[in-house]
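Structure below is target.cif: mmCIF, C-alpha atoms and all ligand atoms.
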data_run
loop_
_atom_site.label_atom_id
_atom_site.label_comp_id
_atom_site.auth_asym_id
_atom_site.auth_seq_id
_atom_site.Cartn_x
_atom_site.Cartn_y
_atom_site.Cartn_z
CA MET A 1 0.93 1.05 15.46
CA LYS A 2 -0.19 -1.33 18.23
CA LYS A 3 1.79 -4.56 18.29
CA LYS A 4 -0.32 -7.70 18.24
CA GLU A 5 0.10 -11.24 17.13
CA LYS A 6 -2.75 -11.28 14.68
CA PRO A 7 -2.09 -10.12 11.10
CA SER A 8 -3.00 -6.52 10.34
CA HIS A 9 -6.78 -6.16 10.34
CA THR A 10 -6.61 -3.39 7.74
CA ALA A 11 -4.36 -5.44 5.44
CA LEU A 12 -6.89 -8.29 5.51
CA LYS A 13 -9.70 -5.82 4.88
CA VAL A 14 -7.98 -4.56 1.72
CA GLY A 15 -7.48 -8.13 0.46
CA LEU A 16 -11.10 -9.16 1.08
CA ASN A 17 -12.31 -5.90 -0.41
CA ILE A 18 -10.48 -6.65 -3.66
CA ILE A 19 -12.32 -9.97 -3.96
CA ALA A 20 -15.66 -8.26 -3.26
CA LEU A 21 -14.95 -5.59 -5.91
CA SER A 22 -14.78 -8.25 -8.62
CA HIS A 23 -18.60 -8.33 -8.57
CA ILE A 24 -18.90 -4.67 -9.55
CA GLU A 25 -19.14 -4.19 -13.30
CA GLU A 26 -17.22 -0.90 -13.50
CA MET A 27 -14.33 -2.38 -11.47
CA LYS A 28 -13.76 -5.22 -13.93
CA ASN A 29 -11.89 -2.79 -16.19
CA VAL A 30 -10.07 -1.13 -13.30
CA LEU A 31 -8.66 -4.05 -11.28
CA PRO A 32 -5.23 -5.25 -12.49
CA ASP A 33 -5.27 -8.57 -14.37
CA GLY A 34 -5.22 -11.63 -12.14
CA ILE A 35 -5.43 -9.67 -8.88
CA VAL A 36 -8.66 -11.24 -7.64
CA SER A 37 -7.64 -14.88 -7.95
CA ALA A 38 -4.11 -14.14 -6.70
CA THR A 39 -5.46 -12.34 -3.62
CA SER A 40 -7.91 -15.13 -2.88
CA ASP A 41 -5.17 -17.77 -3.27
CA LEU A 42 -2.79 -15.81 -1.04
CA LEU A 43 -5.33 -15.21 1.73
CA LYS A 44 -6.11 -18.93 1.72
CA SER A 45 -2.53 -20.19 1.58
CA SER A 46 -1.33 -17.77 4.25
CA LYS A 47 -4.19 -18.85 6.53
CA ALA A 48 -4.62 -15.20 7.44
CA VAL A 49 -8.37 -15.55 7.43
CA ASN A 50 -10.68 -18.55 7.42
CA THR A 51 -11.69 -20.00 4.06
CA LYS A 52 -15.42 -19.54 4.75
CA ARG A 53 -14.96 -15.78 5.01
CA ILE A 54 -13.01 -15.72 1.75
CA GLU A 55 -15.69 -17.80 -0.01
CA LYS A 56 -18.37 -15.34 1.17
CA HIS A 57 -16.48 -12.64 -0.71
CA HIS A 58 -16.74 -14.69 -3.91
CA SER A 59 -20.53 -14.33 -3.77
CA PRO A 60 -22.08 -11.19 -5.36
CA ASN A 61 -24.26 -10.84 -2.21
CA ILE A 62 -21.23 -9.51 -0.33
CA VAL A 63 -21.50 -6.25 -2.27
CA LYS A 64 -24.75 -5.37 -0.43
CA LEU A 65 -22.92 -5.65 2.89
CA TYR A 66 -20.10 -3.37 1.73
CA LYS A 67 -22.61 -0.87 0.39
CA ILE A 68 -24.36 -0.72 3.79
CA PHE A 69 -21.10 0.48 5.35
CA ASP A 70 -20.53 2.98 2.57
CA TRP A 71 -22.38 5.64 4.60
CA MET A 72 -19.38 5.80 6.93
CA LEU A 73 -16.89 6.50 4.15
CA PRO A 74 -18.80 7.16 0.93
CA GLY A 75 -17.06 5.72 -2.14
CA GLN A 76 -14.25 4.15 -0.14
CA PHE A 77 -15.23 0.60 -1.17
CA GLU A 78 -14.22 1.26 -4.80
CA VAL A 79 -11.13 3.27 -3.80
CA PHE A 80 -9.19 0.10 -3.07
CA GLY A 81 -9.59 -1.00 -6.68
CA TYR A 82 -8.44 2.38 -8.06
CA ARG A 83 -5.56 2.31 -5.60
CA LYS A 84 -4.36 -1.08 -6.85
CA ALA A 85 -4.59 0.13 -10.46
CA PHE A 86 -2.65 3.32 -9.63
CA PHE A 87 0.26 1.44 -8.04
CA GLU A 88 0.37 -1.24 -10.73
CA GLU A 89 0.57 1.42 -13.46
CA ARG A 90 3.28 3.38 -11.62
CA VAL A 91 5.37 0.27 -11.03
CA LEU A 92 5.07 -0.89 -14.66
CA ASP A 93 5.94 2.61 -15.90
CA ALA A 94 9.00 2.76 -13.61
CA ILE A 95 10.18 -0.65 -14.86
CA GLU A 96 9.74 0.57 -18.43
CA HIS A 97 11.93 3.56 -17.49
CA GLY A 98 14.73 1.42 -16.12
CA ALA A 99 13.84 0.60 -12.51
CA SER A 100 15.47 -2.68 -11.56
CA GLN A 101 14.18 -2.87 -7.97
CA VAL A 102 10.61 -2.64 -6.66
CA LEU A 103 10.08 -2.11 -2.94
CA VAL A 104 6.59 -2.36 -1.44
CA LEU A 105 6.40 -0.93 2.08
CA GLY A 106 3.62 -2.09 4.44
CA CYS A 107 2.69 -4.65 1.78
CA GLY A 108 -0.07 -6.44 3.70
CA TYR A 109 -1.58 -9.12 1.44
CA ASP A 110 -0.96 -7.12 -1.71
CA THR A 111 -0.13 -9.38 -4.69
CA LEU A 112 1.68 -6.97 -7.03
CA CYS A 113 5.14 -8.44 -6.37
CA TYR A 114 3.83 -12.00 -6.47
CA ARG A 115 2.15 -11.44 -9.84
CA LEU A 116 4.90 -9.37 -11.48
CA ALA A 117 8.05 -11.13 -10.23
CA SER A 118 7.71 -14.05 -12.65
CA LYS A 119 6.90 -11.70 -15.56
CA TYR A 120 9.96 -9.52 -14.92
CA PRO A 121 12.79 -11.88 -13.92
CA GLN A 122 15.37 -9.11 -14.48
CA VAL A 123 13.74 -6.98 -11.75
CA LYS A 124 14.06 -7.65 -8.00
CA PHE A 125 10.86 -7.35 -5.94
CA PHE A 126 11.02 -6.64 -2.19
CA GLU A 127 8.16 -6.38 0.29
CA ILE A 128 8.31 -5.35 3.94
CA ASP A 129 5.63 -5.61 6.59
CA HIS A 130 5.37 -6.11 10.33
CA PRO A 131 6.25 -9.75 11.21
CA ASN A 132 2.66 -10.36 12.41
CA THR A 133 1.53 -9.99 8.81
CA ALA A 134 4.63 -10.70 6.71
CA ILE A 135 5.44 -14.12 8.21
CA SER A 136 2.04 -15.55 7.29
CA LYS A 137 2.29 -13.89 3.87
CA LEU A 138 5.69 -15.43 3.25
CA GLU A 139 4.44 -18.87 4.27
CA GLY A 140 1.51 -18.47 1.91
CA LEU A 141 3.72 -17.35 -0.97
CA VAL A 142 6.10 -20.26 -0.49
CA LYS A 143 3.12 -22.64 -0.81
CA LEU A 144 1.94 -20.86 -3.96
CA GLY A 145 5.42 -20.83 -5.52
CA LYS A 146 7.34 -17.63 -4.92
CA SER A 147 9.82 -16.51 -7.60
CA ASN A 148 13.52 -16.31 -6.71
CA ASN A 149 13.59 -12.57 -7.47
CA HIS A 150 10.85 -11.94 -4.88
CA PHE A 151 11.87 -11.20 -1.28
CA VAL A 152 9.46 -10.81 1.64
CA ILE A 153 11.04 -9.17 4.68
CA PRO A 154 9.22 -9.38 8.03
CA GLU A 155 10.31 -6.28 9.98
CA ASP A 156 8.71 -3.63 12.14
CA LEU A 157 9.73 -0.35 10.51
CA SER A 158 9.19 1.50 13.77
CA LYS A 159 12.03 -0.54 15.29
CA LYS A 160 14.60 -0.60 12.48
CA THR A 161 15.47 1.85 9.75
CA LEU A 162 15.10 0.90 6.11
CA SER A 163 18.88 1.21 5.74
CA GLU A 164 19.33 -1.39 8.47
CA VAL A 165 16.65 -3.70 7.08
CA LEU A 166 17.82 -3.58 3.46
CA GLY A 167 21.51 -3.29 4.34
CA ALA A 168 21.15 -6.80 5.81
CA ASN A 169 19.79 -8.13 2.51
CA ASP A 170 22.51 -9.14 0.03
CA SER A 171 20.20 -8.74 -2.95
CA TRP A 172 19.42 -5.07 -2.30
CA ASN A 173 21.59 -2.53 -4.14
CA LYS A 174 21.25 1.05 -2.97
CA THR A 175 22.66 2.47 -6.19
CA GLU A 176 20.00 0.94 -8.44
CA LYS A 177 17.06 2.84 -9.87
CA THR A 178 14.11 1.77 -7.74
CA ILE A 179 10.37 2.28 -7.46
CA ILE A 180 9.08 2.30 -3.89
CA THR A 181 5.40 2.10 -3.03
CA ALA A 182 3.64 2.90 0.24
CA GLU A 183 -0.03 2.12 -0.26
CA GLY A 184 -2.37 2.87 2.65
CA LEU A 185 0.60 3.00 5.02
CA LEU A 186 1.67 6.56 5.85
CA GLN A 187 -1.43 7.58 7.80
CA TYR A 188 -0.60 4.87 10.34
CA LEU A 189 2.84 6.32 11.12
CA PRO A 190 3.63 9.22 13.50
CA PRO A 191 4.70 12.42 11.61
CA SER A 192 8.38 12.07 12.58
CA SER A 193 8.40 8.51 11.22
CA VAL A 194 6.92 9.65 7.90
CA GLN A 195 9.71 12.21 7.45
CA ASN A 196 12.25 9.63 8.50
CA LEU A 197 10.83 7.08 6.08
CA PHE A 198 11.09 9.46 3.11
CA GLU A 199 14.69 10.29 4.11
CA GLN A 200 15.52 6.62 4.39
CA CYS A 201 13.91 5.90 1.02
CA SER A 202 16.22 8.48 -0.50
CA LYS A 203 19.30 6.99 1.19
CA ILE A 204 18.67 3.45 0.00
CA THR A 205 18.00 4.13 -3.69
CA GLY A 206 19.81 5.24 -6.84
CA ASP A 207 19.35 8.42 -8.88
CA LYS A 208 15.98 9.05 -10.50
CA SER A 209 14.29 6.52 -8.25
CA ARG A 210 10.59 7.04 -7.72
CA ILE A 211 8.19 6.72 -4.85
CA ALA A 212 4.42 6.31 -5.17
CA PHE A 213 2.16 6.54 -2.14
CA THR A 214 -1.26 7.38 -0.78
CA TYR A 215 -1.93 9.87 1.98
CA VAL A 216 -4.84 11.35 3.83
CA GLY A 217 -5.64 15.07 3.76
CA LYS A 218 -6.24 17.30 6.76
CA GLY A 219 -9.58 18.62 7.99
CA SER A 220 -9.97 22.26 9.10
CA ASP A 221 -9.31 21.09 12.68
CA GLY A 222 -5.90 19.67 11.64
CA ARG A 223 -6.98 16.05 12.18
CA PRO A 224 -6.79 13.48 9.37
CA TYR A 225 -9.95 13.99 7.31
CA ALA A 226 -11.79 10.67 7.32
CA GLY A 227 -14.98 11.74 5.57
CA PRO A 228 -18.26 13.17 6.84
CA ARG A 229 -18.04 11.03 9.99
CA THR A 230 -14.40 11.74 10.78
CA GLY A 231 -14.82 11.59 14.58
CA LEU A 232 -16.47 8.17 14.46
CA MET A 233 -14.01 6.81 11.88
CA LEU A 234 -10.92 7.96 13.79
CA TRP A 235 -12.32 6.49 16.97
CA LEU A 236 -13.07 3.14 15.29
CA LEU A 237 -9.55 3.03 13.86
CA LYS A 238 -8.11 3.81 17.27
CA ILE A 239 -10.03 1.10 19.10
CA SER A 240 -9.17 -1.41 16.35
CA GLY A 241 -5.50 -0.80 17.30
CA GLU A 242 -4.53 0.86 13.99
CA PRO A 243 -5.06 4.62 14.54
CA TRP A 244 -4.38 7.26 11.90
CA LEU A 245 -1.55 9.46 13.08
CA TRP A 246 -0.43 11.48 10.05
CA ALA A 247 -2.14 13.64 7.45
CA ALA A 248 -0.97 16.50 5.24
CA ASN A 249 -2.15 19.08 2.77
CA LEU A 250 -0.42 19.23 -0.61
CA ASN A 251 1.92 22.14 0.23
CA GLU A 252 3.04 20.50 3.45
CA LEU A 253 3.62 17.28 1.56
CA LYS A 254 5.70 18.99 -1.14
CA GLU A 255 7.90 20.62 1.52
CA LEU A 256 8.29 17.39 3.44
CA LEU A 257 9.31 15.53 0.29
CA PHE A 258 11.76 18.24 -0.72
CA SER A 259 13.43 18.28 2.69
CA SER A 260 13.75 14.48 2.51
CA GLY A 261 15.49 14.34 -0.87
CA TRP A 262 12.40 13.97 -3.11
CA GLN A 263 10.56 16.17 -5.54
CA TYR A 264 6.77 15.88 -5.83
CA SER A 265 5.94 14.99 -9.43
CA GLU A 266 2.68 16.14 -10.99
CA LYS A 267 3.67 14.35 -14.19
CA LEU A 268 4.09 10.95 -12.53
CA THR A 269 1.06 11.33 -10.28
CA GLY A 270 -1.29 12.01 -13.18
CA GLU A 271 -4.71 13.61 -13.03
CA ASN A 272 -6.69 11.33 -10.76
CA ILE A 273 -5.04 12.37 -7.54
CA LYS A 274 -8.01 11.91 -5.24
CA ARG A 275 -10.32 8.95 -4.75
CA GLY A 276 -12.69 8.91 -1.78
CA ILE A 277 -10.75 10.48 1.07
CA GLU A 278 -7.36 9.32 -0.17
CA TYR A 279 -4.84 11.20 -2.25
CA PHE A 280 -2.46 9.45 -4.64
CA ALA A 281 1.01 10.91 -5.14
CA CYS A 282 4.41 10.31 -6.74
CA ALA A 283 7.82 11.83 -6.20
CA ILE A 284 11.15 11.47 -7.90
CA LYS A 285 14.62 11.47 -6.42
CA ASN A 286 16.59 14.45 -7.70
CA LYS A 287 15.18 16.76 -10.32
CA GLU A 288 12.85 15.69 -13.08
CA ASP A 289 14.25 16.02 -16.63
C1 LIG B 1 -3.88 -0.60 5.46
S1 LIG B 1 -2.72 -1.87 5.42
C2 LIG B 1 -2.27 -1.74 3.71
C3 LIG B 1 -1.72 -3.01 3.16
C4 LIG B 1 -1.32 -2.93 1.67
N1 LIG B 1 -0.38 -1.85 1.43
C5 LIG B 1 -2.54 -2.78 0.79
O1 LIG B 1 -2.94 -1.64 0.54
O2 LIG B 1 -3.07 -3.80 0.36
C6 LIG B 1 -1.29 -1.14 6.22
C7 LIG B 1 -0.12 -2.11 6.32
O3 LIG B 1 1.00 -1.40 6.90
C8 LIG B 1 1.67 -2.29 7.77
N2 LIG B 1 2.42 -1.51 8.78
C9 LIG B 1 1.95 -0.55 9.59
N3 LIG B 1 2.93 -0.13 10.43
C10 LIG B 1 4.03 -0.86 10.14
C11 LIG B 1 5.35 -0.90 10.65
N4 LIG B 1 5.72 -0.15 11.68
N5 LIG B 1 6.25 -1.77 10.11
C12 LIG B 1 5.88 -2.57 9.07
N6 LIG B 1 4.63 -2.57 8.54
C13 LIG B 1 3.72 -1.73 9.07
C14 LIG B 1 0.54 -3.09 8.42
O4 LIG B 1 0.99 -4.28 9.02
C15 LIG B 1 -0.38 -3.30 7.22
O5 LIG B 1 -0.11 -4.49 6.54
#

Take the structure in the file and write it out as C-alpha cells.
Amino acid sequence: MKKKEKPSHTALKVGLNIIALSHIEEMKNVLPDGIVSATSDLLKSSKAVNTKRIEKHHSPNIVKLYKIFDWMLPGQFEVFGYRKAFFEERVLDAIEHGASQVLVLGCGYDTLCYRLASKYPQVKFFEIDHPNTAISKLEGLVKLGKSNNHFVIPEDLSKKTLSEVLGANDSWNKTEKTIITAEGLLQYLPPSSVQNLFEQCSKITGDKSRIAFTYVGKGSDGRPYAGPRTGLMLWLLKISGEPWLWAANLNELKELLFSSGWQYSEKLTGENIKRGIEYFACAIKNKED
C-alpha cells in the first residue's frame, strides 16, 4: 500500500459510513451497541477528519448521498454494518470459548477493542495499523480514556513481521488462545504477504486460536471482483493510493489457509458468508473438535 502521511482514506470512509448507517432503520438492529457514538467520538478525538464532516454524517440527509454512489457498488453501503456485526459476534463467541487475547489487524478507526476492553478486563485487546493511521487513533483513544488492557501498535506490516511486532510487546503471549480479525484488509496486500500473514498469525498464537476476516472474490478474468463496474472501481482504488492486490475463490482460500496452519471453518463462519462483493470467513488453528 502507498505510504503517505495522511490517515488511511478507506479507514476513514468505513468510520464515516458507520455513522451514516445509523439513519437506516434496518441497520439499527444490525449495528453493534454503542458503535455509532464511539466511532463519532473517536474520529473527533483523533482529529482524523474535520468535525464539520463528521456532523454532516449525523444528519439523515447524508444517506441520499451514499445512495447516489450505490450504483458503483450496489449494496456496499450497508455491508459495512453487517461486517461490524460479523466481527463483533465472532470476537464475543471466541471470548466465550476461552480466548484471552484479541488482535485486530489493519484496525483503522474501528472501535471494537475500545468498546469491549473495559467490559472484558480479563482479556487483552491489541490493534495494529500503519503509523499514519494508528498514531492519530492512539492519541484519540488516550483522550477518550483507553483501558489498560487495550494496546494500539503503530506498525507497517509490510516492513515488519507480526512475530517481530508482537515479540516486542511484553503483554503479548504467543501460547494464549487468541482471536485475530482482519476486516477489509487482505485485499490491500500482495498475495505473498497474505500467505505470510496467515503463517505469522499461526506462529504467534496458541492452540485452537481463531481468525476471522473478509476477502474479495475473483472475477472470470482473475482480477478482484469489485462489482458490475470492476474496471472503474479498481482504477479509482489505485489512483486513491490503496489498490486491491489480492482476491481468491473459496477453494484457493481453503488451500492457502491449510498451508499456513489454519483450517477454514464453515461452522464458525456461519451462513451469511457474502454481503455485497465481500466474503466473510473464519478459520481455526489446528483441527476443529
Ligand atoms: C479498509 S481499511 C479497514 C479499516 C478497519 N479494519 C475497518 O474495517 O474499519 C484498511 C486498513 O488497513 C490498514 N493497512 C493496510 N496496509 C497496511 C500495512 N501494511 N500495515 C498496517 N496496516 C495496513 C490501513 O491503514 C487501513 O486502516

If the limit is 6 Å from any atom of ligand LIG 1 (chain B), counting all atoms listed in the file, which residues qualify? Return them as number ranges by chain. A: 1, 8, 10-11, 14, 106-110, 129-130, 133, 155-158, 183-185

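Distances from A:Lys124, A:Lys218, A:Lys274, A:Lys160 to Ser147 (chain A) were compared using all atoms listed in the file, and the smallest one belongs to A:Lys124.
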
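Coordinates place CA of Glu242 (chain A) at a distance of 6.7 Å from CA of Tyr188 (chain A).
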
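Within 10 Å of the point (-12.6, 2.0, -7.0), counting all atoms listed in the file, the protein and nucleic acid residues come to Ile18, Leu21, Ile24, Glu26, Met27, Val30, Leu31, Gly75, Gln76, Phe77, Glu78, Val79, Phe80, Gly81, Tyr82, Arg83, Lys84, Ala85, Arg275 and Gly276 of chain A.
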
What does the distance between CA of Val165 (chain A) and CA of Gly140 (chain A) come to in Å, to one decimal place? 21.8 Å

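CA of Ser192 (chain A) is positioned 12.7 Å from CA of Ala248 (chain A).
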
Spatial neighbours of Ser46 (chain A), max dist 10 Å, all atoms listed in the file, sep filter under 3 positions, as number ranges by chain: A: 41-43, 49-50, 109, 133-144

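With all atoms listed in the file as the basis for measurement, A:Leu268 is the residue among A:Ser260, A:Leu234, A:Leu268, A:Ser220 that approaches Asp93 (chain A) most closely.
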
Min atom-atom distance to Val123 (chain A) from the set A:Asp33, A:Glu96, A:Asp170, A:Glu88, counting all atoms listed in the file, belongs to A:Glu96

Kindly list the centre and edge lengths in Å, rounded to one decimal, for the axis-aligned box that covers all listed atoms of region 97-107 of chain A plus 3 Å on each of its six sides, as JSON.
{"center_x": 9.1, "center_y": -0.5, "center_z": -6.5, "size_x": 18.8, "size_y": 14.2, "size_z": 27.9}

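Near Ser265 (chain A), within 6 Å and counting only C-alpha atoms, sit Lys267, Leu268, Cys282 and Ala283 of chain A, not including residues fewer than 2 positions from it in the same chain.
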
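With all atoms listed in the file as the basis for measurement, A:Arg90 is the residue among A:Lys146, A:His97, A:Arg90, A:Lys174 that approaches Gly270 (chain A) most closely.
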
Counting all atoms listed in the file, what is within 8 Å of region 53-61 of chain A, bar same-chain residues fewer than 2 positions away, as a ChimeraX atom specification? /A:16-17,19-20,23,40,43-44,49-51,63-65
